[in-house]
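Undergrad: As input, take input22.cif (mmCIF, C-alpha atoms (C1' of nucleotides)):
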```cif
data_protein
#
loop_
_atom_site.label_atom_id
_atom_site.label_comp_id
_atom_site.auth_asym_id
_atom_site.auth_seq_id
_atom_site.Cartn_x
_atom_site.Cartn_y
_atom_site.Cartn_z
CA MET D 1 -48.98 -38.37 -46.10
CA ASP D 2 -52.05 -38.88 -48.20
CA ALA D 3 -53.75 -35.50 -48.40
CA LYS D 4 -57.19 -36.90 -49.07
CA ALA D 5 -57.05 -39.41 -46.27
CA THR D 6 -55.58 -36.86 -43.92
CA ARG D 7 -58.35 -34.38 -44.45
CA SER D 8 -60.96 -37.07 -44.28
CA ASN D 9 -59.52 -38.54 -41.12
CA SER D 10 -59.21 -35.18 -39.49
CA ARG D 11 -62.92 -34.52 -39.97
CA ASN D 12 -63.68 -38.05 -38.90
CA ASP D 13 -61.58 -37.70 -35.79
CA ALA D 14 -63.08 -34.31 -35.06
CA LEU D 15 -66.48 -35.96 -35.05
CA LEU D 16 -65.29 -38.76 -32.79
CA ASP D 17 -63.66 -36.34 -30.38
CA ALA D 18 -66.60 -33.95 -30.23
CA ALA D 19 -69.11 -36.76 -29.82
CA ALA D 20 -66.99 -38.40 -27.14
CA GLU D 21 -66.72 -35.19 -25.16
CA LEU D 22 -70.48 -34.62 -25.36
CA PHE D 23 -71.34 -38.24 -24.57
CA ALA D 24 -69.03 -38.13 -21.57
CA ALA D 25 -70.42 -34.85 -20.31
CA GLN D 26 -74.14 -35.32 -20.92
CA GLY D 27 -74.64 -38.99 -21.63
CA PHE D 28 -75.59 -40.73 -24.84
CA LYS D 29 -79.32 -40.11 -24.96
CA ALA D 30 -79.03 -36.54 -23.77
CA THR D 31 -76.68 -35.70 -26.62
CA SER D 32 -78.37 -35.05 -29.95
CA MET D 33 -76.90 -35.29 -33.41
CA ARG D 34 -77.55 -31.57 -33.64
CA ASP D 35 -75.34 -31.00 -30.60
CA ILE D 36 -72.54 -32.97 -32.19
CA ALA D 37 -72.98 -31.26 -35.55
CA LYS D 38 -72.80 -27.86 -33.93
CA ALA D 39 -69.65 -28.82 -32.04
CA VAL D 40 -67.78 -29.69 -35.24
CA GLY D 41 -69.42 -26.98 -37.35
CA MET D 42 -71.55 -28.89 -39.79
CA LEU D 43 -75.21 -29.70 -40.27
CA PRO D 44 -76.81 -32.74 -38.61
CA GLY D 45 -77.36 -34.60 -41.85
CA SER D 46 -73.73 -34.26 -42.84
CA ILE D 47 -72.64 -36.53 -40.03
CA TYR D 48 -74.30 -39.41 -41.87
CA TYR D 49 -71.75 -39.18 -44.59
CA HIS D 50 -69.11 -40.24 -42.04
CA PHE D 51 -71.11 -42.50 -39.74
CA ALA D 52 -74.12 -44.62 -40.56
CA SER D 53 -75.96 -43.82 -37.34
CA LYS D 54 -75.67 -42.35 -33.88
CA ASP D 55 -75.25 -45.87 -32.54
CA ASP D 56 -72.35 -46.56 -34.90
CA LEU D 57 -70.72 -43.36 -33.79
CA LEU D 58 -70.78 -44.54 -30.20
CA LEU D 59 -69.53 -47.98 -31.18
CA ALA D 60 -66.46 -46.43 -32.79
CA ILE D 61 -65.84 -44.31 -29.70
CA TYR D 62 -66.20 -47.30 -27.43
CA GLU D 63 -63.72 -49.33 -29.42
CA ALA D 64 -61.15 -46.54 -29.49
CA GLY D 65 -61.71 -45.89 -25.80
CA VAL D 66 -61.16 -49.49 -24.79
CA ASP D 67 -58.00 -49.73 -26.87
CA GLN D 68 -56.69 -46.60 -25.22
CA ILE D 69 -57.52 -47.50 -21.63
CA THR D 70 -56.23 -51.04 -21.87
CA ALA D 71 -52.96 -49.73 -23.24
CA THR D 72 -52.66 -47.00 -20.59
CA PHE D 73 -53.62 -49.39 -17.84
CA ALA D 74 -51.24 -52.12 -18.93
CA ALA D 75 -48.39 -49.63 -19.25
CA ALA D 76 -49.04 -48.29 -15.76
CA ILE D 77 -48.83 -51.64 -14.01
CA ALA D 78 -46.23 -53.34 -16.21
CA PRO D 79 -43.07 -51.99 -14.52
CA LEU D 80 -44.29 -52.99 -11.05
CA ASP D 81 -43.98 -56.36 -9.35
CA ASP D 82 -45.63 -56.05 -5.97
CA PRO D 83 -49.35 -56.87 -6.37
CA TRP D 84 -50.43 -54.05 -4.05
CA LEU D 85 -48.32 -51.49 -5.84
CA ARG D 86 -49.73 -52.72 -9.12
CA LEU D 87 -53.23 -52.23 -7.75
CA GLU D 88 -52.38 -48.70 -6.67
CA ALA D 89 -50.96 -47.85 -10.07
CA GLY D 90 -53.87 -49.48 -11.85
CA MET D 91 -56.46 -47.61 -9.79
CA ALA D 92 -54.61 -44.36 -10.40
CA ALA D 93 -54.64 -44.94 -14.14
CA LEU D 94 -58.30 -45.92 -14.01
CA ILE D 95 -59.44 -42.81 -12.15
CA ARG D 96 -57.39 -40.72 -14.51
CA ALA D 97 -59.13 -42.24 -17.52
CA ILE D 98 -62.60 -41.93 -16.00
CA THR D 99 -62.26 -38.33 -14.94
CA ASP D 100 -60.58 -37.07 -18.10
CA ALA D 101 -63.56 -35.38 -19.73
CA SER D 102 -61.71 -34.69 -22.96
CA SER D 103 -60.87 -38.32 -23.51
CA THR D 104 -62.77 -41.10 -25.20
CA THR D 105 -61.97 -43.41 -22.29
CA SER D 106 -64.46 -41.74 -19.97
CA VAL D 107 -67.29 -42.56 -22.36
CA ILE D 108 -66.91 -46.26 -21.58
CA PHE D 109 -67.78 -45.63 -17.96
CA LYS D 110 -70.41 -42.99 -18.58
CA VAL D 111 -72.49 -44.71 -21.26
CA GLU D 112 -74.18 -47.94 -20.29
CA PRO D 113 -74.40 -50.63 -22.98
CA SER D 114 -78.12 -50.88 -22.30
CA ASP D 115 -78.48 -47.35 -23.66
CA VAL D 116 -77.75 -48.75 -27.11
CA PRO D 117 -79.78 -51.95 -27.56
CA LYS D 118 -78.55 -52.44 -31.09
CA TYR D 119 -74.94 -52.83 -29.98
CA GLU D 120 -75.41 -53.83 -26.36
CA ALA D 121 -73.57 -57.12 -26.80
CA GLU D 122 -70.67 -55.47 -28.61
CA LEU D 123 -70.30 -52.74 -25.99
CA ILE D 124 -70.32 -55.29 -23.19
CA ALA D 125 -67.66 -57.24 -25.03
CA PHE D 126 -65.49 -54.12 -25.28
CA ARG D 127 -65.93 -53.44 -21.58
CA ASP D 128 -65.06 -57.00 -20.73
CA LYS D 129 -61.81 -56.62 -22.56
CA PHE D 130 -60.73 -54.03 -20.01
CA GLU D 131 -62.38 -55.60 -17.00
CA ALA D 132 -60.54 -58.84 -17.65
CA LEU D 133 -57.34 -56.86 -17.25
CA PHE D 134 -58.60 -55.42 -14.00
CA ARG D 135 -59.70 -58.82 -12.78
CA THR D 136 -56.23 -60.27 -13.10
CA LEU D 137 -54.93 -57.36 -11.05
CA VAL D 138 -57.27 -58.23 -8.19
CA ASP D 139 -56.82 -61.96 -8.55
CA GLU D 140 -53.07 -61.76 -8.06
CA LEU D 141 -53.52 -60.08 -4.67
CA PRO D 142 -52.66 -62.31 -1.69
CA LEU D 143 -55.96 -62.12 0.21
CA HIS D 144 -57.24 -63.54 3.44
CA ALA D 145 -59.71 -66.39 3.03
CA TRP D 146 -62.69 -64.35 4.20
CA VAL D 147 -62.24 -61.81 1.42
CA ASP D 148 -64.27 -62.33 -1.72
CA PRO D 149 -62.20 -61.18 -4.73
CA HIS D 150 -65.36 -60.77 -6.75
CA LEU D 151 -66.85 -58.25 -4.32
CA LEU D 152 -63.51 -56.55 -3.85
CA ARG D 153 -63.26 -56.01 -7.58
CA LEU D 154 -66.79 -54.64 -7.79
CA MET D 155 -66.13 -52.33 -4.87
CA LEU D 156 -63.03 -50.83 -6.47
CA LEU D 157 -64.69 -50.57 -9.86
CA GLY D 158 -67.75 -48.96 -8.34
CA ALA D 159 -65.75 -46.45 -6.37
CA ALA D 160 -63.80 -45.52 -9.49
CA ASN D 161 -66.90 -45.26 -11.63
CA HIS D 162 -68.58 -43.00 -9.11
CA ALA D 163 -65.67 -40.56 -9.18
CA GLN D 164 -66.91 -39.26 -12.49
CA LEU D 165 -69.88 -37.74 -10.65
CA TRP D 166 -67.97 -35.80 -8.04
CA TYR D 167 -64.40 -35.37 -9.29
CA SER D 168 -63.24 -31.87 -9.98
CA PRO D 169 -59.79 -30.90 -11.23
CA LYS D 170 -59.97 -28.08 -8.72
CA GLY D 171 -60.52 -30.49 -5.87
CA ARG D 172 -58.14 -31.32 -3.05
CA PHE D 173 -56.81 -34.46 -4.72
CA ALA D 174 -55.49 -35.25 -8.17
CA ALA D 175 -57.00 -38.17 -10.02
CA ASP D 176 -53.86 -40.22 -9.39
CA GLU D 177 -53.99 -39.62 -5.67
CA ILE D 178 -57.62 -40.63 -5.47
CA GLY D 179 -56.96 -43.93 -7.19
CA GLN D 180 -53.95 -44.64 -5.02
CA HIS D 181 -55.88 -43.75 -1.87
CA PHE D 182 -58.74 -46.06 -2.81
CA ALA D 183 -56.31 -48.92 -3.29
CA ARG D 184 -54.72 -48.27 0.07
CA LEU D 185 -58.05 -48.07 1.88
CA VAL D 186 -58.67 -51.73 1.15
CA GLN D 187 -55.04 -52.70 1.58
CA ALA D 188 -53.96 -51.40 4.96
CA PRO D 189 -55.78 -51.27 8.29
CA ILE D 190 -57.39 -47.86 8.36
CA GLY D 191 -58.65 -47.87 11.95
CA ARG D 192 -56.81 -47.46 15.25
CA MET F 193 -111.66 -43.58 6.93
CA ASP F 194 -112.58 -40.95 4.44
CA ALA F 195 -113.73 -42.75 1.33
CA LYS F 196 -112.96 -39.89 -1.00
CA ALA F 197 -109.50 -39.28 0.35
CA THR F 198 -108.78 -42.98 0.41
CA ARG F 199 -109.61 -43.48 -3.21
CA SER F 200 -107.84 -40.33 -4.21
CA ASN F 201 -104.72 -41.26 -2.25
CA SER F 202 -104.73 -44.78 -3.59
CA ARG F 203 -104.63 -43.51 -7.17
CA ASN F 204 -102.04 -40.96 -6.19
CA ASP F 205 -99.91 -43.59 -4.51
CA ALA F 206 -100.35 -45.94 -7.43
CA LEU F 207 -98.92 -43.25 -9.67
CA LEU F 208 -96.00 -42.63 -7.33
CA ASP F 209 -95.25 -46.33 -7.04
CA ALA F 210 -95.48 -47.04 -10.75
CA ALA F 211 -93.42 -44.01 -11.68
CA ALA F 212 -90.80 -44.87 -9.05
CA GLU F 213 -90.47 -48.41 -10.33
CA LEU F 214 -90.08 -47.20 -13.91
CA PHE F 215 -87.68 -44.41 -13.00
CA ALA F 216 -85.57 -46.86 -11.03
CA ALA F 217 -85.54 -49.43 -13.80
CA GLN F 218 -85.09 -47.23 -16.87
CA GLY F 219 -84.08 -43.82 -15.59
CA PHE F 220 -85.98 -40.56 -15.59
CA LYS F 221 -85.55 -39.44 -19.17
CA ALA F 222 -86.04 -42.90 -20.59
CA THR F 223 -89.42 -43.17 -18.90
CA SER F 224 -92.27 -41.41 -20.66
CA MET F 225 -95.54 -40.19 -19.21
CA ARG F 226 -97.18 -42.72 -21.52
CA ASP F 227 -95.20 -45.52 -19.87
CA ILE F 228 -96.38 -44.40 -16.45
CA ALA F 229 -99.96 -43.97 -17.62
CA LYS F 230 -100.00 -47.45 -19.06
CA ALA F 231 -98.62 -48.91 -15.84
CA VAL F 232 -101.47 -47.50 -13.76
CA GLY F 233 -104.10 -47.90 -16.45
CA MET F 234 -105.00 -44.39 -17.42
CA LEU F 235 -104.31 -42.01 -20.28
CA PRO F 236 -101.22 -39.77 -20.29
CA GLY F 237 -103.17 -36.57 -19.88
CA SER F 238 -104.98 -37.88 -16.83
CA ILE F 239 -101.79 -37.90 -14.82
CA TYR F 240 -101.82 -34.11 -14.92
CA TYR F 241 -104.88 -34.08 -12.74
CA HIS F 242 -102.75 -35.53 -9.94
CA PHE F 243 -99.33 -34.02 -10.68
CA ALA F 244 -98.52 -30.74 -12.34
CA SER F 245 -95.63 -32.12 -14.38
CA LYS F 246 -93.24 -35.01 -14.84
CA ASP F 247 -90.68 -33.08 -12.84
CA ASP F 248 -93.10 -32.63 -9.94
CA LEU F 249 -93.81 -36.34 -9.98
CA LEU F 250 -90.13 -37.07 -9.52
CA LEU F 251 -89.82 -34.45 -6.81
CA ALA F 252 -92.55 -36.16 -4.80
CA ILE F 253 -90.85 -39.53 -5.26
CA TYR F 254 -87.50 -38.13 -4.20
CA GLU F 255 -88.94 -36.63 -1.05
CA ALA F 256 -90.73 -39.84 -0.08
CA GLY F 257 -87.63 -41.85 -0.90
CA VAL F 258 -85.36 -39.74 1.26
CA ASP F 259 -87.75 -39.89 4.19
CA GLN F 260 -87.89 -43.64 3.86
CA ILE F 261 -84.17 -44.28 3.54
CA THR F 262 -83.18 -41.94 6.34
CA ALA F 263 -85.66 -43.68 8.63
CA THR F 264 -84.51 -47.15 7.60
CA PHE F 265 -80.87 -46.19 7.85
CA ALA F 266 -81.21 -44.53 11.25
CA ALA F 267 -83.15 -47.49 12.60
CA ALA F 268 -80.48 -49.90 11.38
CA ILE F 269 -77.58 -48.20 13.13
CA ALA F 270 -79.39 -46.91 16.23
CA PRO F 271 -79.14 -50.07 18.39
CA LEU F 272 -75.39 -50.39 17.77
CA ASP F 273 -72.55 -48.67 19.60
CA ASP F 274 -69.34 -49.80 17.97
CA PRO F 275 -68.53 -47.44 15.07
CA TRP F 276 -67.43 -50.28 12.79
CA LEU F 277 -70.53 -52.33 13.47
CA ARG F 278 -72.62 -49.25 12.82
CA LEU F 279 -70.86 -48.83 9.47
CA GLU F 280 -71.55 -52.46 8.57
CA ALA F 281 -75.23 -52.11 9.46
CA GLY F 282 -75.50 -48.81 7.64
CA MET F 283 -73.89 -50.15 4.48
CA ALA F 284 -76.18 -53.20 4.61
CA ALA F 285 -79.24 -50.97 4.86
CA LEU F 286 -77.93 -48.76 2.08
CA ILE F 287 -77.34 -51.58 -0.38
CA ARG F 288 -80.73 -52.97 0.47
CA ALA F 289 -82.37 -49.65 -0.37
CA ILE F 290 -80.41 -49.17 -3.57
CA THR F 291 -81.04 -52.63 -4.96
CA ASP F 292 -84.73 -52.83 -4.06
CA ALA F 293 -86.23 -52.13 -7.47
CA SER F 294 -89.77 -51.95 -6.14
CA SER F 295 -88.92 -49.19 -3.71
CA THR F 296 -88.86 -45.44 -4.06
CA THR F 297 -85.50 -45.31 -2.31
CA SER F 298 -83.62 -46.68 -5.30
CA VAL F 299 -84.78 -43.75 -7.40
CA ILE F 300 -82.64 -41.40 -5.35
CA PHE F 301 -79.51 -43.23 -6.44
CA LYS F 302 -80.60 -43.92 -9.99
CA VAL F 303 -81.80 -40.45 -11.02
CA GLU F 304 -79.22 -37.69 -11.01
CA PRO F 305 -80.43 -34.25 -9.93
CA SER F 306 -78.93 -32.82 -13.12
CA ASP F 307 -81.52 -34.78 -15.07
CA VAL F 308 -84.14 -32.37 -13.74
CA PRO F 309 -82.77 -28.83 -14.07
CA LYS F 310 -85.95 -27.29 -12.73
CA TYR F 311 -85.58 -28.99 -9.36
CA GLU F 312 -81.86 -29.72 -9.33
CA ALA F 313 -81.26 -27.72 -6.16
CA GLU F 314 -84.18 -29.35 -4.35
CA LEU F 315 -83.09 -32.86 -5.31
CA ILE F 316 -79.56 -32.18 -4.15
CA ALA F 317 -80.92 -30.89 -0.87
CA PHE F 318 -82.91 -34.10 -0.42
CA ARG F 319 -79.84 -36.19 -1.13
CA ASP F 320 -77.79 -34.18 1.29
CA LYS F 321 -80.27 -34.95 4.01
CA PHE F 322 -79.33 -38.61 3.74
CA GLU F 323 -75.67 -38.11 2.99
CA ALA F 324 -75.29 -36.03 6.13
CA LEU F 325 -76.45 -39.07 8.05
CA PHE F 326 -73.91 -41.21 6.24
CA ARG F 327 -71.19 -38.66 6.84
CA THR F 328 -71.62 -38.81 10.61
CA LEU F 329 -71.29 -42.58 10.39
CA VAL F 330 -67.90 -42.27 8.71
CA ASP F 331 -66.77 -39.36 10.85
CA GLU F 332 -67.24 -41.30 14.08
CA LEU F 333 -64.82 -44.00 12.90
CA PRO F 334 -61.44 -44.00 14.66
CA LEU F 335 -59.14 -43.66 11.66
CA HIS F 336 -55.39 -43.52 11.18
CA ALA F 337 -54.07 -40.09 10.32
CA TRP F 338 -53.23 -41.00 6.72
CA VAL F 339 -56.85 -41.88 5.95
CA ASP F 340 -58.98 -39.17 4.39
CA PRO F 341 -62.55 -39.52 5.71
CA HIS F 342 -63.83 -37.61 2.73
CA LEU F 343 -62.41 -40.10 0.23
CA LEU F 344 -63.41 -43.03 2.40
CA ARG F 345 -66.99 -41.81 2.39
CA LEU F 346 -66.99 -41.33 -1.38
CA MET F 347 -65.51 -44.76 -1.89
CA LEU F 348 -68.20 -46.48 0.16
CA LEU F 349 -70.95 -44.42 -1.41
CA GLY F 350 -69.63 -45.11 -4.89
CA ALA F 351 -69.34 -48.83 -4.30
CA ALA F 352 -72.89 -48.90 -2.99
CA ASN F 353 -74.24 -46.83 -5.84
CA HIS F 354 -72.58 -49.08 -8.38
CA ALA F 355 -74.27 -52.15 -6.95
CA GLN F 356 -77.48 -51.13 -8.65
CA LEU F 357 -75.84 -51.92 -12.00
CA TRP F 358 -74.76 -55.46 -11.22
CA TYR F 359 -76.79 -56.67 -8.26
CA SER F 360 -79.10 -59.59 -8.84
CA PRO F 361 -81.36 -61.20 -6.23
CA LYS F 362 -80.26 -64.51 -7.71
CA GLY F 363 -76.62 -63.69 -7.07
CA ARG F 364 -74.28 -65.33 -4.62
CA PHE F 365 -74.75 -62.65 -1.96
CA ALA F 366 -77.78 -60.99 -0.43
CA ALA F 367 -77.88 -57.21 -0.39
CA ASP F 368 -77.15 -57.20 3.35
CA GLU F 369 -74.07 -59.36 2.94
CA ILE F 370 -72.70 -57.15 0.20
CA GLY F 371 -73.01 -54.03 2.34
CA GLN F 372 -71.43 -55.74 5.31
CA HIS F 373 -68.62 -57.11 3.17
CA PHE F 374 -67.87 -53.69 1.72
CA ALA F 375 -67.63 -52.23 5.21
CA ARG F 376 -65.25 -54.96 6.31
CA LEU F 377 -63.03 -54.58 3.25
CA VAL F 378 -62.04 -51.12 4.42
CA GLN F 379 -62.02 -52.06 8.07
CA ALA F 380 -59.80 -55.09 8.38
CA PRO F 381 -56.53 -55.98 6.70
CA ILE F 382 -57.51 -58.03 3.69
CA GLY F 383 -54.06 -59.16 2.57
CA ARG F 384 -51.68 -61.72 4.02
"C1'" DC J 385 -133.27 -34.49 -6.91
"C1'" DT J 386 -129.77 -31.25 -7.90
"C1'" DA J 387 -125.36 -28.81 -7.84
"C1'" DT J 388 -120.72 -29.67 -7.48
"C1'" DT J 389 -116.53 -31.72 -7.98
"C1'" DA J 390 -113.27 -35.49 -8.56
"C1'" DA J 391 -111.27 -38.10 -12.15
"C1'" DA J 392 -110.76 -39.58 -16.19
"C1'" DC J 393 -110.98 -39.59 -21.54
"C1'" DA J 394 -109.97 -38.13 -26.41
"C1'" DA J 395 -107.56 -35.32 -29.21
"C1'" DA J 396 -104.56 -32.22 -30.35
"C1'" DC J 397 -100.59 -28.99 -29.43
"C1'" DA J 398 -95.68 -27.49 -30.07
"C1'" DC J 399 -91.33 -29.37 -29.96
"C1'" DT J 400 -87.33 -32.53 -30.33
"C1'" DT J 401 -85.58 -36.73 -31.83
"C1'" DG J 402 -82.72 -39.62 -35.41
"C1'" DT J 403 -82.67 -40.03 -40.10
"C1'" DT J 404 -83.35 -39.54 -45.33
"C1'" DT J 405 -83.44 -37.21 -49.55
"C1'" DG J 406 -82.09 -34.30 -53.33
"C1'" DT J 407 -78.88 -30.88 -54.45
"C1'" DT J 408 -74.68 -28.11 -54.50
"C1'" DT J 409 -69.82 -27.15 -53.84
"C1'" DA J 410 -65.01 -28.19 -54.10
"C1'" DG J 411 -61.25 -30.84 -54.99
"C1'" DT J 412 -58.92 -34.98 -57.56
"C1'" DC J 413 -57.39 -37.53 -61.48
"C1'" DA J 414 -57.02 -39.12 -66.32
"C1'" DT X 415 -61.07 -29.78 -70.04
"C1'" DG X 416 -64.17 -33.27 -68.42
"C1'" DA X 417 -65.58 -37.13 -65.43
"C1'" DC X 418 -65.68 -38.47 -60.88
"C1'" DT X 419 -66.13 -38.22 -56.06
"C1'" DA X 420 -65.66 -36.54 -51.43
"C1'" DA X 421 -68.13 -33.62 -48.40
"C1'" DA X 422 -71.14 -30.80 -47.20
"C1'" DC X 423 -75.85 -28.17 -47.28
"C1'" DA X 424 -80.98 -27.42 -47.01
"C1'" DA X 425 -85.13 -29.29 -46.10
"C1'" DA X 426 -88.08 -32.40 -44.92
"C1'" DC X 427 -89.63 -36.90 -42.76
"C1'" DA X 428 -91.88 -40.00 -39.25
"C1'" DA X 429 -91.88 -40.97 -34.58
"C1'" DG X 430 -91.85 -39.74 -29.89
"C1'" DT X 431 -91.77 -36.13 -26.23
"C1'" DG X 432 -94.26 -33.40 -22.31
"C1'" DT X 433 -98.26 -30.93 -22.01
"C1'" DT X 434 -102.94 -28.50 -22.74
"C1'" DT X 435 -107.58 -28.32 -23.90
"C1'" DG X 436 -112.47 -29.34 -23.99
"C1'" DT X 437 -115.55 -32.80 -22.74
"C1'" DT X 438 -117.61 -36.76 -20.39
"C1'" DT X 439 -118.45 -39.90 -16.61
"C1'" DA X 440 -119.24 -40.97 -11.86
"C1'" DA X 441 -119.43 -40.12 -7.28
"C1'" DT X 442 -120.44 -36.92 -3.44
"C1'" DA X 443 -122.94 -33.38 -0.65
"C1'" DG X 444 -126.81 -30.13 0.36
#
```
Mind turning the file's structure into structure tokens?
TA:
Amino acid sequence: MDAKATRSNSRNDALLDAAAELFAAQGFKATSMRDIAKAVGMLPGSIYYHFASKDDLLLAIYEAGVDQITATFAAAIAPLDDPWLRLEAGMAALIRAITDASSTTSVIFKVEPSDVPKYEAELIAFRDKFEALFRTLVDELPLHAWVDPHLLRLMLLGAANHAQLWYSPKGRFAADEIGQHFARLVQAPIGR
Amino acid sequence: MDAKATRSNSRNDALLDAAAELFAAQGFKATSMRDIAKAVGMLPGSIYYHFASKDDLLLAIYEAGVDQITATFAAAIAPLDDPWLRLEAGMAALIRAITDASSTTSVIFKVEPSDVPKYEAELIAFRDKFEALFRTLVDELPLHAWVDPHLLRLMLLGAANHAQLWYSPKGRFAADEIGQHFARLVQAPIGR
DNA sequence: CTATTAAACAAACACTTGTTTGTTTAGTCA
DNA sequence: TGACTAAACAAACAAGTGTTTGTTTAATAG
């Protein structure tokens, strides 16, 4: 272990973690550099030794978040063969990532790329990396001809995204169960 | 017609309309009083003759928006009897309202009550007025026992809400068709 | 015509924003 | 020990925020 790098990385990671938690909770614009500085116990200006700008800070979070969610998502669906079971597992993993306030993954779904004009293209590219994974999950479903896979994907993604506004760990359902339930609502006939 | 009132109301309405369009397009915090002033052609300070604060301006928009969407929504489902057809019509009306950028109704779904701490409770109350209407629509559906109406409602609402981020009038589907499609995705078996 | 008021302007207010600068402290390495 | 550098501090900067104030214009009503 390199002592210098370790200490440096630990402060660097502390910044990333604190910023991610604040961005996820309050949004990008609503979080000030002073908020972040206070969270890690340093002065606002000191952050600029580690990151060139607030925008760059978000970019780093986004990248880490996408890497993490793609890995989690892929791992969740990998052991399953049935397309519908894979969708259920994928949705469960997705809702988990979105509603985990202490994770960098939730930032991806909370902060819109348009909030950061400087890196809008890069952020969209990061998002696409995950959404491509999700798209394949939907595209492998055996669907009736009248179903539009594009709209189905957007519906599931929208429902998941929205969970971040109402989900509570104290609620009646766990994040996993919500994701699984959503997948089943579009899978099976729900009326009688 | 009262000339004085007419002129006064026209300026007042112009402010409401311009602010609503900007709030819907950019969000509440991202829209400045200077933006709104420029849109109606007056100086920032002049707005305060008509509205006491930026928060009050939003409150007025929210109230008008809720009145409008509840009326539109109720009118859309009123002539129908079948619960599933009522859901389709309701979802169509909802997506229409959410994606209509020139309407005050979209503000309700774009601006989160937490963005305006001073009136958070009031804004939530306004939202609830509409969501109660939507809740009855879901609650009258004949559902299998395994289906949770609560989660079904949140899924539909989330999918609709999300449409504001990706909907384009130049897209493959009209707002109506999207709403109807969403309703059918949870209604009929979509796999084969 | 005159008194009143609606409606706007022009300018500043106090505050917050992201960021920059110059300096100091503490630890590393030859 | 002495040179170097990582890492932070303290303080200010320019720009933008919502809002307030005093004043002017223009229309209305008695």
Undergrad: May I ask you to extract the residues of chain X within 12 Å of chain D, using only C-alpha atoms (C1' of nucleotides), and to give them as a list of chain:residue names?
TA: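 Every residue meeting the condition is included here: X:DT419, X:DA420, X:DA421, X:DA422, X:DC423, X:DA424, X:DA425, X:DA426.
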Undergrad: Output C-alpha atoms (C1' of nucleotides) for every residue in the selection just made, as a compact mmCIF listing (two decimals), keeping the file's coordinate frame.
TA:
```txt
# COMPACT_ATOMS: atom_id res chain seq x y z
C1' DT X 419 -66.13 -38.22 -56.06
C1' DA X 420 -65.66 -36.54 -51.43
C1' DA X 421 -68.13 -33.62 -48.40
C1' DA X 422 -71.14 -30.80 -47.20
C1' DC X 423 -75.85 -28.17 -47.28
C1' DA X 424 -80.98 -27.42 -47.01
C1' DA X 425 -85.13 -29.29 -46.10
C1' DA X 426 -88.08 -32.40 -44.92
```
Undergrad: Using the chain letters and numbers from the file, give me the residues hit by the PyMOL selection byres ((chain J) within 9 of (chain F)), as a list of chain:residue names.
TA: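 Answer for the PyMOL selection byres ((chain J) within 9 of (chain F)): J:DA390, J:DA391, J:DA392, J:DC393.
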Undergrad: Evaluate the PyMOL selection byres ((chain D) within 6 of (chain F)) here and jot the selected residues down as a list in words.
TA: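 Checking the PyMOL selection byres ((chain D) within 6 of (chain F)) against this file, the residues are Pro142, Leu143, His144, Met155, Gly158, Ala159, His162, Leu185, Val186, Ala188, Pro189, Ile190, Gly191 and Arg192 of chain D.
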Undergrad: Selected by the PyMOL selection byres ((chain J and resi 389) around 10) in the shown coordinates: which residues, as a PyMOL selection string?
TA: (chain J and resi 387-388+390-391) or (chain X and resi 441-443)
Undergrad: Write out as an MDAnalysis selection string the residues lying within 8 Å of Met283 (chain F), counting only C-alpha atoms (C1' of nucleotides) and excluding same-chain residues fewer than 3 positions away.
TA: chainID F and resid 279:280 286:287 352 368 371:372 374:375
Undergrad: Would you compute the distance between C1' of DA394 (chain J) and C1' of DG436 (chain X)? Give it in Å to one decimal.
TA: 9.5 Å
